[in-house]
$ cat upload_38.txt   # compact mmCIF, C-alpha atoms
# COMPACT_ATOMS: atom_id res chain seq x y z
CA MET A 11 32.44 -86.94 -73.54
CA THR A 12 32.28 -88.95 -76.74
CA HIS A 13 29.60 -91.42 -77.73
CA THR A 14 31.29 -93.42 -80.43
CA ARG A 15 29.43 -96.70 -80.97
CA ARG A 16 30.58 -99.67 -83.00
CA ASP A 17 27.53 -100.91 -84.90
CA LEU A 18 25.37 -100.94 -81.80
CA LEU A 19 22.01 -101.23 -83.54
CA ALA A 20 21.90 -105.00 -84.06
CA THR A 21 19.00 -106.50 -82.13
CA ALA A 22 19.80 -110.20 -81.86
CA ALA A 23 21.41 -111.74 -78.78
CA ILE A 24 25.11 -112.36 -79.29
CA ALA A 25 26.53 -115.86 -78.95
CA LEU A 26 29.00 -116.24 -76.09
CA PRO A 27 31.78 -118.80 -75.70
CA GLY A 28 30.40 -122.23 -74.89
CA GLY A 29 27.19 -121.60 -76.78
CA ALA A 30 25.55 -119.48 -74.06
CA ALA A 31 23.47 -116.51 -75.14
CA ALA A 32 23.31 -113.13 -73.48
CA GLN A 33 20.03 -112.79 -71.61
CA PRO A 34 18.36 -109.38 -71.89
CA PHE A 35 17.69 -107.74 -68.56
CA VAL A 36 14.03 -108.02 -67.49
CA PRO A 37 12.87 -104.72 -65.96
CA GLY A 38 10.77 -104.86 -62.83
CA ARG A 39 12.39 -108.08 -61.64
CA LEU A 40 15.62 -108.34 -59.67
CA PRO A 41 18.06 -110.41 -61.68
CA ARG A 42 18.64 -114.00 -60.64
CA ASP A 43 22.40 -113.54 -60.50
CA VAL A 44 22.40 -110.68 -58.00
CA LEU A 45 23.62 -112.92 -55.15
CA GLU A 46 26.55 -114.02 -57.32
CA VAL A 47 28.11 -110.59 -56.92
CA ALA A 48 31.18 -111.01 -54.73
CA PRO A 49 32.96 -107.92 -53.35
CA ALA A 50 36.66 -107.87 -54.07
CA PHE A 51 37.41 -105.81 -50.95
CA PRO A 52 36.02 -105.84 -47.41
CA ILE A 53 32.86 -103.77 -47.12
CA PRO A 54 33.21 -100.99 -44.51
CA ARG A 55 31.07 -101.37 -41.44
CA ASP A 56 29.37 -98.04 -42.06
CA TYR A 57 28.36 -98.96 -45.63
CA PRO A 58 26.03 -97.74 -46.96
CA SER A 59 26.34 -94.38 -45.29
CA ALA A 60 24.06 -91.49 -46.17
CA MET A 61 26.15 -88.61 -47.51
CA HIS A 62 25.90 -84.92 -46.73
CA VAL A 63 27.77 -81.73 -47.55
CA ALA A 64 29.57 -79.59 -44.99
CA GLY A 65 31.88 -76.77 -46.03
CA ASN A 66 33.80 -77.90 -49.07
CA ARG A 67 33.55 -81.62 -48.38
CA LEU A 68 31.19 -84.50 -49.05
CA LEU A 69 30.93 -86.39 -45.75
CA ARG A 70 29.66 -89.73 -44.54
CA ALA A 71 27.10 -89.89 -41.73
CA SER A 72 30.02 -90.27 -39.29
CA GLY A 73 31.47 -86.95 -40.43
CA GLN A 74 34.43 -88.58 -42.21
CA PRO A 75 35.25 -87.25 -45.69
CA ALA A 76 33.92 -89.30 -48.59
CA VAL A 77 36.35 -89.06 -51.52
CA LEU A 78 34.57 -91.40 -53.93
CA ARG A 79 36.51 -92.70 -56.94
CA GLY A 80 35.25 -94.96 -59.68
CA ALA A 81 33.92 -95.03 -63.22
CA CYS A 82 30.98 -93.94 -65.35
CA VAL A 83 28.50 -96.43 -66.83
CA PRO A 84 27.17 -94.75 -69.99
CA ALA A 85 23.53 -95.16 -71.06
CA VAL A 86 22.87 -97.72 -68.34
CA ALA A 87 19.25 -98.39 -69.37
CA TRP A 88 20.30 -98.82 -73.01
CA ILE A 89 23.03 -101.30 -72.08
CA ALA A 90 20.68 -103.22 -69.78
CA GLN A 91 17.99 -103.62 -72.41
CA ARG A 92 20.48 -104.86 -74.98
CA ASN A 93 22.79 -106.79 -72.63
CA ASP A 94 24.99 -108.06 -75.44
CA SER A 95 28.62 -108.03 -76.46
CA GLN A 96 28.22 -105.06 -78.78
CA MET A 97 26.76 -102.66 -76.23
CA GLY A 98 28.05 -104.30 -73.03
CA PHE A 99 26.79 -106.48 -70.20
CA PHE A 100 24.60 -105.23 -67.38
CA ASP A 101 24.71 -108.08 -64.89
CA ASN A 102 26.86 -109.42 -62.08
CA ARG A 103 29.94 -109.24 -64.33
CA MET A 104 29.83 -105.44 -64.51
CA PHE A 105 29.62 -104.97 -60.76
CA ASN A 106 32.14 -107.70 -59.98
CA ALA A 107 34.55 -106.04 -62.39
CA ALA A 108 33.99 -102.59 -60.89
CA SER A 109 34.62 -104.00 -57.44
CA ALA A 110 37.77 -105.80 -58.57
CA TRP A 111 39.05 -102.60 -60.19
CA GLY A 112 38.79 -100.89 -56.78
CA CYS A 113 35.83 -98.60 -57.52
CA ASP A 114 34.01 -96.89 -54.65
CA ILE A 115 31.26 -95.60 -56.92
CA LEU A 116 29.67 -96.03 -60.33
CA ARG A 117 28.06 -93.06 -62.03
CA LEU A 118 24.95 -94.25 -63.87
CA SER A 119 23.86 -92.12 -66.82
CA VAL A 120 20.28 -92.11 -68.12
CA MET A 121 19.97 -90.65 -71.60
CA PRO A 122 16.85 -88.57 -72.27
CA ALA A 123 16.02 -90.56 -75.40
CA VAL A 124 16.21 -93.87 -73.53
CA TRP A 125 14.02 -92.54 -70.68
CA ARG A 126 11.53 -91.39 -73.31
CA ARG A 127 11.52 -94.62 -75.31
CA ALA A 128 11.86 -97.22 -72.52
CA GLY A 129 9.62 -95.45 -70.04
CA ARG A 130 9.57 -94.91 -66.30
CA VAL A 131 8.82 -98.49 -65.23
CA THR A 132 11.61 -100.01 -67.29
CA VAL A 133 14.28 -97.47 -66.32
CA LEU A 134 13.43 -97.60 -62.61
CA GLY A 135 13.51 -101.40 -62.71
CA ILE A 136 16.99 -101.27 -64.19
CA LEU A 137 18.16 -98.80 -61.55
CA ASP A 138 16.62 -101.01 -58.84
CA ALA A 139 18.77 -103.87 -60.11
CA ALA A 140 21.84 -101.62 -60.10
CA VAL A 141 21.18 -100.76 -56.45
CA ALA A 142 20.91 -104.46 -55.58
CA TYR A 143 24.14 -105.34 -57.40
CA ALA A 144 25.97 -102.35 -55.90
CA ARG A 145 24.87 -103.13 -52.35
CA HIS A 146 26.34 -106.63 -52.57
CA CYS A 147 29.66 -105.17 -53.72
CA GLY A 148 29.79 -102.27 -51.26
CA LEU A 149 29.62 -99.76 -54.11
CA TYR A 150 27.91 -96.39 -54.11
CA LEU A 151 25.97 -95.13 -57.11
CA SER A 152 25.20 -91.71 -58.46
CA ILE A 153 22.40 -91.10 -60.95
CA CYS A 154 22.88 -88.56 -63.75
CA TRP A 155 20.41 -87.14 -66.27
CA HIS A 156 22.65 -87.40 -69.31
CA GLY A 157 21.78 -84.30 -71.25
CA ILE A 158 24.18 -82.07 -73.14
CA GLY A 159 22.92 -78.55 -73.71
CA PHE A 160 21.29 -75.67 -71.89
CA PRO A 161 18.34 -76.89 -69.82
CA PRO A 162 16.92 -73.44 -68.93
CA GLU A 163 16.00 -73.07 -72.61
CA ALA A 164 15.57 -76.81 -73.31
CA ARG A 165 18.17 -76.61 -76.10
CA SER A 166 20.38 -79.62 -76.62
CA MET A 167 23.35 -80.73 -78.66
CA THR A 168 22.28 -82.66 -81.72
CA LEU A 169 23.15 -86.37 -81.81
CA ASN A 170 20.65 -88.64 -83.50
CA ASP A 171 20.35 -92.41 -83.29
CA ARG A 172 18.47 -94.38 -85.94
CA ALA A 173 16.42 -96.21 -83.33
CA LEU A 174 16.10 -93.69 -80.51
CA GLY A 175 16.10 -90.35 -82.31
CA PRO A 176 17.70 -87.27 -80.66
CA LEU A 177 19.67 -88.68 -77.75
CA TYR A 178 20.00 -85.50 -75.67
CA ALA A 179 16.83 -83.55 -76.49
CA ALA A 180 14.53 -83.17 -73.48
CA SER A 181 11.65 -80.93 -72.52
CA GLU A 182 11.25 -79.35 -69.10
CA PRO A 183 8.30 -81.66 -68.25
CA GLU A 184 10.43 -84.71 -69.12
CA MET A 185 13.27 -83.57 -66.88
CA ARG A 186 10.90 -82.82 -64.03
CA ALA A 187 9.15 -86.18 -64.40
CA PHE A 188 12.51 -87.97 -64.33
CA TRP A 189 13.77 -86.26 -61.19
CA ARG A 190 10.49 -86.61 -59.35
CA ALA A 191 10.51 -90.35 -60.05
CA ILE A 192 14.17 -90.69 -59.01
CA ALA A 193 13.65 -88.67 -55.84
CA GLN A 194 10.64 -90.73 -54.80
CA ARG A 195 12.45 -94.00 -55.50
CA TYR A 196 15.95 -93.37 -54.15
CA GLY A 197 15.69 -90.31 -51.92
CA ASP A 198 16.09 -92.40 -48.76
CA ASN A 199 18.41 -95.06 -50.21
CA PRO A 200 21.99 -94.50 -49.00
CA VAL A 201 23.46 -96.71 -51.76
CA VAL A 202 22.71 -93.78 -54.08
CA SER A 203 25.15 -91.19 -52.81
CA HIS A 204 23.86 -88.21 -54.79
CA PHE A 205 21.85 -87.03 -57.79
CA GLU A 206 23.61 -85.24 -60.68
CA LEU A 207 21.07 -82.87 -62.21
CA TYR A 208 22.47 -82.52 -65.72
CA ASN A 209 25.47 -84.08 -67.40
CA GLU A 210 27.09 -81.29 -69.42
CA PRO A 211 25.62 -77.78 -69.35
CA GLN A 212 26.60 -75.83 -72.45
CA PHE A 213 24.85 -72.79 -73.91
CA ILE A 214 23.38 -73.63 -77.31
CA GLN A 215 22.76 -70.78 -79.72
CA ARG A 216 19.58 -70.48 -81.74
CA ASP A 217 21.36 -71.84 -84.81
CA GLY A 218 22.19 -75.00 -82.85
CA ARG A 219 25.89 -74.32 -82.40
CA PRO A 220 27.50 -74.34 -78.95
CA ALA A 221 28.63 -70.95 -77.67
CA LEU A 222 32.39 -70.47 -77.54
CA GLN A 223 32.16 -68.17 -74.52
CA HIS A 224 29.93 -68.12 -71.47
CA ASP A 225 28.98 -65.21 -69.26
CA ARG A 226 27.46 -64.54 -65.88
CA ALA A 227 23.94 -64.19 -67.27
CA MET A 228 24.12 -67.71 -68.68
CA TRP A 229 25.31 -69.06 -65.35
CA LEU A 230 22.56 -67.26 -63.45
CA ALA A 231 19.95 -68.76 -65.77
CA LEU A 232 21.44 -72.20 -65.21
CA ARG A 233 21.62 -71.61 -61.46
CA ASP A 234 17.95 -70.60 -61.36
CA TRP A 235 17.01 -73.76 -63.26
CA ALA A 236 19.12 -75.93 -60.94
CA GLU A 237 17.56 -74.37 -57.85
CA ALA A 238 14.06 -75.00 -59.17
CA MET A 239 14.92 -78.62 -59.95
CA THR A 240 16.53 -78.98 -56.52
CA ASP A 241 13.35 -77.71 -54.89
CA LEU A 242 11.33 -80.27 -56.84
CA ILE A 243 13.63 -83.10 -55.75
CA ARG A 244 13.69 -81.95 -52.15
CA GLU A 245 9.93 -82.43 -51.88
CA ASP A 246 10.60 -86.19 -51.86
CA ALA A 247 14.33 -86.39 -51.07
CA PRO A 248 15.07 -83.60 -48.57
CA ARG A 249 18.45 -85.00 -47.44
CA LYS A 250 19.99 -86.24 -50.68
CA PRO A 251 23.06 -84.30 -51.91
CA ILE A 252 22.53 -82.77 -55.33
CA CYS A 253 25.32 -82.21 -57.84
CA MET A 254 25.45 -79.54 -60.55
CA GLY A 255 28.03 -79.17 -63.32
CA GLY A 256 29.60 -75.97 -64.57
CA LEU A 257 29.35 -74.34 -67.98
CA GLN A 258 31.52 -75.26 -71.00
CA PHE A 259 30.35 -78.89 -70.98
CA ALA A 260 30.47 -78.96 -67.14
CA TYR A 261 34.13 -77.88 -66.96
CA ASP A 262 33.88 -74.24 -65.81
CA LEU A 263 32.78 -73.67 -62.20
CA SER A 264 34.32 -70.20 -61.95
CA PHE A 265 30.96 -68.40 -62.03
CA ALA A 266 29.79 -70.36 -58.98
CA LEU A 267 32.40 -68.64 -56.81
CA ARG A 268 30.45 -65.39 -56.99
CA ASP A 269 27.00 -66.90 -57.50
CA PRO A 270 26.73 -70.37 -55.93
CA LEU A 271 23.48 -72.29 -55.78
CA ARG A 272 21.42 -70.83 -52.94
CA ARG A 273 20.57 -74.21 -51.48
CA THR A 274 22.21 -76.48 -48.92
CA ASN A 275 23.71 -79.94 -49.44
CA ILE A 276 25.06 -79.04 -52.90
CA LEU A 277 28.19 -80.30 -54.60
CA TYR A 278 29.52 -79.40 -58.01
CA ALA A 279 30.78 -81.41 -60.99
CA THR A 280 33.58 -80.68 -63.42
CA HIS A 281 34.70 -82.50 -66.59
CA PRO A 282 38.39 -81.71 -67.18
CA TYR A 283 39.12 -83.49 -70.45
CA PRO A 284 42.56 -82.75 -71.96
CA ASP A 285 41.11 -80.14 -74.33
CA ALA A 286 38.82 -78.48 -71.76
CA ASN A 287 41.28 -75.81 -70.61
CA TRP A 288 41.22 -73.79 -73.84
CA ARG A 289 39.38 -70.87 -72.15
CA LEU A 290 40.67 -70.97 -68.58
CA SER A 291 43.00 -73.02 -66.44
CA TRP A 292 42.18 -75.88 -64.08
CA GLN A 293 43.02 -73.53 -61.24
CA ASP A 294 40.31 -71.07 -62.26
CA ALA A 295 37.81 -73.61 -63.53
CA PHE A 296 37.61 -75.99 -60.56
CA LEU A 297 40.62 -76.05 -58.21
CA GLU A 298 40.04 -72.63 -56.67
CA PRO A 299 36.27 -73.30 -56.50
CA SER A 300 37.01 -76.56 -54.66
CA ARG A 301 38.41 -74.52 -51.76
CA HIS A 302 34.95 -73.04 -51.22
CA PHE A 303 32.53 -75.88 -52.01
CA PRO A 304 32.79 -79.61 -52.74
CA VAL A 305 33.80 -80.49 -56.29
CA MET A 306 33.77 -83.92 -57.91
CA ILE A 307 35.33 -84.82 -61.26
CA THR A 308 32.39 -86.76 -62.69
CA GLU A 309 34.03 -87.36 -66.07
CA PHE A 310 37.57 -87.38 -67.40
CA GLY A 311 39.54 -89.48 -69.84
CA TRP A 312 41.69 -89.56 -72.93
CA ASP A 313 42.34 -91.58 -76.06
CA HIS A 314 44.43 -91.19 -79.16
CA ARG A 315 41.61 -89.97 -81.38
CA ASP A 316 38.94 -87.84 -79.68
CA HIS A 317 40.72 -86.66 -76.52
CA PRO A 318 44.50 -86.97 -76.94
CA GLU A 319 46.50 -85.98 -73.90
CA ALA A 320 48.60 -83.61 -76.00
CA ARG A 321 45.65 -81.20 -76.24
CA MET A 322 46.17 -80.11 -72.65
CA ARG A 323 47.84 -76.70 -72.65
CA GLY A 324 50.60 -76.01 -70.16
CA GLY A 325 51.13 -77.78 -66.87
CA GLY A 326 54.39 -79.54 -67.73
CA ALA A 327 53.42 -83.04 -66.55
CA PRO A 328 51.41 -85.40 -68.77
CA TYR A 329 47.65 -84.93 -68.44
CA ARG A 330 47.06 -88.13 -66.48
CA GLN A 331 49.68 -87.41 -63.87
CA ALA A 332 48.74 -83.75 -63.54
CA LEU A 333 45.06 -84.55 -63.04
CA MET A 334 45.64 -87.26 -60.43
CA ARG A 335 48.07 -85.03 -58.53
CA ALA A 336 45.56 -82.18 -58.55
CA ALA A 337 42.72 -84.46 -57.43
CA ASP A 338 44.80 -85.93 -54.61
CA ALA A 339 46.06 -82.54 -53.45
CA HIS A 340 42.56 -81.05 -53.31
CA GLY A 341 40.69 -84.14 -52.08
CA LEU A 342 38.54 -84.45 -55.21
CA GLY A 343 36.62 -87.63 -55.92
CA TRP A 344 36.40 -88.74 -59.53
CA GLN A 345 34.73 -91.06 -62.02
CA ALA A 346 36.52 -91.96 -65.26
CA TRP A 347 34.56 -92.06 -68.53
CA ALA A 348 33.67 -94.73 -69.53
CA PHE A 349 33.32 -98.25 -68.07
CA SER A 350 32.66 -99.56 -71.56
CA HIS A 351 34.39 -100.94 -74.64
CA SER A 352 31.92 -99.20 -76.98
CA PHE A 353 31.66 -95.65 -75.64
CA THR A 354 34.86 -93.65 -75.85
CA PRO A 355 37.22 -92.86 -74.24
CA ALA A 356 36.87 -96.54 -73.32
CA LEU A 357 38.28 -97.96 -70.11
CA LEU A 358 37.58 -101.49 -71.33
CA LEU A 359 39.29 -103.46 -74.08
CA ASN A 360 36.39 -105.85 -74.66
CA PRO A 361 32.94 -106.75 -73.27
CA ARG A 362 34.54 -109.06 -70.70
CA PHE A 363 35.82 -106.08 -68.70
CA ALA A 364 39.53 -106.42 -69.47
CA PRO A 365 41.21 -103.02 -69.07
CA ALA A 366 42.09 -101.16 -72.23
CA PRO A 367 45.83 -100.60 -72.63
CA ASP A 368 47.01 -97.22 -71.43
CA PHE A 369 43.78 -95.52 -70.23
CA GLY A 370 42.14 -98.55 -68.61
CA ASP A 371 45.36 -99.85 -67.11
CA PHE A 372 46.18 -96.43 -65.68
CA VAL A 373 42.76 -95.82 -64.12
CA ARG A 374 42.61 -99.31 -62.62
CA GLY A 375 46.07 -98.75 -61.16
CA GLN A 376 44.98 -95.46 -59.60
CA LEU A 377 41.87 -97.03 -58.09
CA LEU A 378 43.85 -99.89 -56.61
CA ARG A 379 46.47 -97.46 -55.31
CA HIS A 380 43.84 -95.71 -53.23
CA ARG A 381 42.49 -99.07 -52.01
CA ALA A 382 45.92 -100.20 -50.81
$ encode --input "upload_38.txt" --output "structure tokens"
Amino acid sequence: MTHTRRDLLATAAIALPGGAAAQPFVPGRLPRDVLEVAPAFPIPRDYPSAMHVAGNRLLRASGQPAVLRGACVPAVAWIAQRNDSQMGFFDNRMFNAASAWGCDILRLSVMPAVWRRAGRVTVLGILDAAVAYARHCGLYLSICWHGIGFPPEARSMTLNDRALGPLYAASEPEMRAFWRAIAQRYGDNPVVSHFELYNEPQFIQRDGRPALQHDRAMWLALRDWAEAMTDLIREDAPRKPICMGGLQFAYDLSFALRDPLRRTNILYATHPYPDANWRLSWQDAFLEPSRHFPVMITEFGWDHRDHPEARMRGGGAPYRQALMRAADAHGLGWQAWAFSHSFTPALLLNPRFAPAPDFGDFVRGQLLRHRA
């Protein structure tokens, strides 16, 4: 996943057409426009349905499979505090647009640096508003701790922001405090379908560079960490499904075939970007694992600069077609990165939620195809 930002550090509200100004989101108070959210599609009678895992499927309370497709909202608390045309708008427009695109789910990412700087009260207030917006649209949400690195050793990829500092760095106490707060707040709320423990696990060497290869010992360390964090969450949210990504920036789930998490109600995440299959194939990384436990594609995407489709090795068909065919054939839900015009690969052309040519148009078409 790429976090390209286009001069996102300006602090003033941005003028909108007609002279209106963007109003920053006020944490701790449900936004006044929440009732203006209008679902684009009929809301199912069983919405919101608490999810659970059985076999290799995520299921609704009725026992029907839940193949949730949608988009990722990057740095949701950062966007909400800014709420301007440079970063993006966190208000009824975002959720109306997601509904009109045909989303079932939005994946909400909370960056460690934003949790640290904004604080528990502010971030939870923003997530409360997201739940209110989503409920009116019939959308599910997932909540993701948006780290990149190796949480068992609290080592992270280095990406610094002038205002926020290291975006991904997080201590074990910070991660535990986050998940305890999330579990207490949303453990019984069926609008939140699941919790995603860590965005992109990747072993970081002592010199700060990402490892080019992973091994079973690394996976076992990550599994032990995930089980401990699951146990912490389950103290307050015993029935909430918990999602864990594979190694190699969440792509590689092959180690979980031999050594799965030793907990129930677990699903797994993969991030098959076009350049992810340099070490092993989709079949080995997540398609064969999906026959044994539920797998969700919680990020994918492409653009012409950072993730060109041509980087995918083999397969014959273009990346987009191959991935959608594989997801459909194996019943995999997915969320495209990113429902933003500022974070890339960008689904949006501009802050008014118009689809970006190529990537945005394609993803919207796929979402609407499944809604038809």
$ residues_near_point --input "upload_38.txt" --point "(24.2, -107.6, -57.8)" --cutoff "10 Å" --atoms "only C-alpha atoms" --output "list of chain:residue names"
A:Leu40, A:Pro41, A:Arg42, A:Asp43, A:Val44, A:Leu45, A:Glu46, A:Val47, A:Ala48, A:Pro49, A:Phe100, A:Asp101, A:Asn102, A:Arg103, A:Met104, A:Phe105, A:Asn106, A:Ala139, A:Ala140, A:Val141, A:Ala142, A:Tyr143, A:Ala144, A:Arg145, A:His146, A:Cys147
$ residues_near_point --input "upload_38.txt" --point "(10.6, -87.3, -49.3)" --cutoff "12 Å" --atoms "only C-alpha atoms" --output "PDB file with C-alpha atoms, in the coordinates of the input"
ATOM      1  CA  ARG A 190      10.490 -86.610 -59.350  1.00  0.00           C
ATOM      2  CA  ALA A 191      10.510 -90.350 -60.050  1.00  0.00           C
ATOM      3  CA  ILE A 192      14.170 -90.690 -59.010  1.00  0.00           C
ATOM      4  CA  ALA A 193      13.650 -88.670 -55.840  1.00  0.00           C
ATOM      5  CA  GLN A 194      10.640 -90.730 -54.800  1.00  0.00           C
ATOM      6  CA  ARG A 195      12.450 -94.000 -55.500  1.00  0.00           C
ATOM      7  CA  TYR A 196      15.950 -93.370 -54.150  1.00  0.00           C
ATOM      8  CA  GLY A 197      15.690 -90.310 -51.920  1.00  0.00           C
ATOM      9  CA  ASP A 198      16.090 -92.400 -48.760  1.00  0.00           C
ATOM     10  CA  ASN A 199      18.410 -95.060 -50.210  1.00  0.00           C
ATOM     11  CA  ASP A 241      13.350 -77.710 -54.890  1.00  0.00           C
ATOM     12  CA  LEU A 242      11.330 -80.270 -56.840  1.00  0.00           C
ATOM     13  CA  ILE A 243      13.630 -83.100 -55.750  1.00  0.00           C
ATOM     14  CA  ARG A 244      13.690 -81.950 -52.150  1.00  0.00           C
ATOM     15  CA  GLU A 245       9.930 -82.430 -51.880  1.00  0.00           C
ATOM     16  CA  ASP A 246      10.600 -86.190 -51.860  1.00  0.00           C
ATOM     17  CA  ALA A 247      14.330 -86.390 -51.070  1.00  0.00           C
ATOM     18  CA  PRO A 248      15.070 -83.600 -48.570  1.00  0.00           C
ATOM     19  CA  ARG A 249      18.450 -85.000 -47.440  1.00  0.00           C
ATOM     20  CA  LYS A 250      19.990 -86.240 -50.680  1.00  0.00           C
TER      21      LYS A 250
END
$ residues_around --input "upload_38.txt" --residues "range 172-178 of chain A" --least-positions-apart "2" --cutoff "8 Å" --atoms "all atoms listed in the file" --output "short mmCIF file (atom, residue, chain, number, x, y, z; two decimals) with C-alpha atoms, keeping the file's coordinate frame"
data_model
loop_
_atom_site.label_atom_id
_atom_site.label_comp_id
_atom_site.auth_asym_id
_atom_site.auth_seq_id
_atom_site.Cartn_x
_atom_site.Cartn_y
_atom_site.Cartn_z
CA LEU A 19 22.01 -101.23 -83.54
CA MET A 121 19.97 -90.65 -71.60
CA PRO A 122 16.85 -88.57 -72.27
CA ALA A 123 16.02 -90.56 -75.40
CA VAL A 124 16.21 -93.87 -73.53
CA ARG A 127 11.52 -94.62 -75.31
CA HIS A 156 22.65 -87.40 -69.31
CA GLY A 157 21.78 -84.30 -71.25
CA ILE A 158 24.18 -82.07 -73.14
CA GLY A 159 22.92 -78.55 -73.71
CA SER A 166 20.38 -79.62 -76.62
CA MET A 167 23.35 -80.73 -78.66
CA THR A 168 22.28 -82.66 -81.72
CA LEU A 169 23.15 -86.37 -81.81
CA ASN A 170 20.65 -88.64 -83.50
CA ALA A 180 14.53 -83.17 -73.48
#
$ residues_around --input "upload_38.txt" --residues "Trp125 in chain A" --least-positions-apart "2" --cutoff "10 Å" --atoms "only C-alpha atoms" --output "MDAnalysis selection string"
chainID A and resid 85 87:88 120:123 127:134 155 177 180 184:185 188
$ write_last_selection --input "upload_38.txt" --atoms "C-alpha atoms" --output "JSON list (two decimals), keeping the file's coordinate frame"
[["chain", "number", "residue", "atom", "x", "y", "z"],
["A", 85, "ALA", "CA", 23.53, -95.16, -71.06],
["A", 87, "ALA", "CA", 19.25, -98.39, -69.37],
["A", 88, "TRP", "CA", 20.30, -98.82, -73.01],
["A", 120, "VAL", "CA", 20.28, -92.11, -68.12],
["A", 121, "MET", "CA", 19.97, -90.65, -71.60],
["A", 122, "PRO", "CA", 16.85, -88.57, -72.27],
["A", 123, "ALA", "CA", 16.02, -90.56, -75.40],
["A", 127, "ARG", "CA", 11.52, -94.62, -75.31],
["A", 128, "ALA", "CA", 11.86, -97.22, -72.52],
["A", 129, "GLY", "CA", 9.62, -95.45, -70.04],
["A", 130, "ARG", "CA", 9.57, -94.91, -66.30],
["A", 131, "VAL", "CA", 8.82, -98.49, -65.23],
["A", 132, "THR", "CA", 11.61, -100.01, -67.29],
["A", 133, "VAL", "CA", 14.28, -97.47, -66.32],
["A", 134, "LEU", "CA", 13.43, -97.60, -62.61],
["A", 155, "TRP", "CA", 20.41, -87.14, -66.27],
["A", 177, "LEU", "CA", 19.67, -88.68, -77.75],
["A", 180, "ALA", "CA", 14.53, -83.17, -73.48],
["A", 184, "GLU", "CA", 10.43, -84.71, -69.12],
["A", 185, "MET", "CA", 13.27, -83.57, -66.88],
["A", 188, "PHE", "CA", 12.51, -87.97, -64.33]]
$ atom_distance --input "upload_38.txt" --atom1 "CA of Leu267 in chain A" --atom2 "CA of Thr240 in chain A"
18.9 Å
$ residues_around --input "upload_38.txt" --residues "range 57-62 of chain A" --least-positions-apart "3" --cutoff "6 Å" --atoms "only C-alpha atoms" --output "list in words"
Pro54, Leu68, Leu69, Arg70, Ala71, Pro200, Val201, Ser203 and Pro251 of chain A
$ atom_distance --input "upload_38.txt" --atom1 "CA of Gly65 in chain A" --atom2 "CA of Leu78 in chain A"
16.8 Å
$ build_atoms --input "upload_38.txt" --residues "range 48-60 of chain A" --atoms "N, CA and C atoms" --output "CSV table (one decimal), keeping the file's coordinate frame"
chain,number,residue,atom,x,y,z
A,48,ALA,N,30.3,-110.8,-55.8
A,48,ALA,CA,31.2,-111.0,-54.7
A,48,ALA,C,32.1,-109.8,-54.6
A,49,PRO,N,32.1,-109.1,-53.5
A,49,PRO,CA,33.0,-107.9,-53.4
A,49,PRO,C,34.4,-108.3,-53.3
A,50,ALA,N,35.2,-107.6,-54.0
A,50,ALA,CA,36.7,-107.9,-54.1
A,50,ALA,C,37.4,-107.3,-52.9
A,51,PHE,N,36.8,-106.4,-52.1
A,51,PHE,CA,37.4,-105.8,-51.0
A,51,PHE,C,36.4,-105.9,-49.8
A,52,PRO,N,36.9,-105.9,-48.6
A,52,PRO,CA,36.0,-105.8,-47.4
A,52,PRO,C,35.1,-104.6,-47.5
A,53,ILE,N,33.8,-104.9,-47.1
A,53,ILE,CA,32.9,-103.8,-47.1
A,53,ILE,C,32.9,-103.0,-45.8
A,54,PRO,N,33.1,-101.7,-45.8
A,54,PRO,CA,33.2,-101.0,-44.5
A,54,PRO,C,32.0,-101.2,-43.6
A,55,ARG,N,32.2,-101.1,-42.4
A,55,ARG,CA,31.1,-101.4,-41.4
A,55,ARG,C,30.0,-100.3,-41.6
A,56,ASP,N,30.4,-99.1,-42.0
A,56,ASP,CA,29.4,-98.0,-42.1
A,56,ASP,C,28.7,-98.0,-43.4
A,57,TYR,N,29.0,-99.0,-44.3
A,57,TYR,CA,28.4,-99.0,-45.6
A,57,TYR,C,27.0,-99.6,-45.5
A,58,PRO,N,26.0,-99.0,-46.3
A,58,PRO,CA,26.0,-97.7,-47.0
A,58,PRO,C,25.7,-96.6,-46.0
A,59,SER,N,26.5,-95.5,-46.2
A,59,SER,CA,26.3,-94.4,-45.3
A,59,SER,C,25.7,-93.2,-46.1
A,60,ALA,N,24.7,-92.7,-45.5
A,60,ALA,CA,24.1,-91.5,-46.2
A,60,ALA,C,25.1,-90.3,-46.2
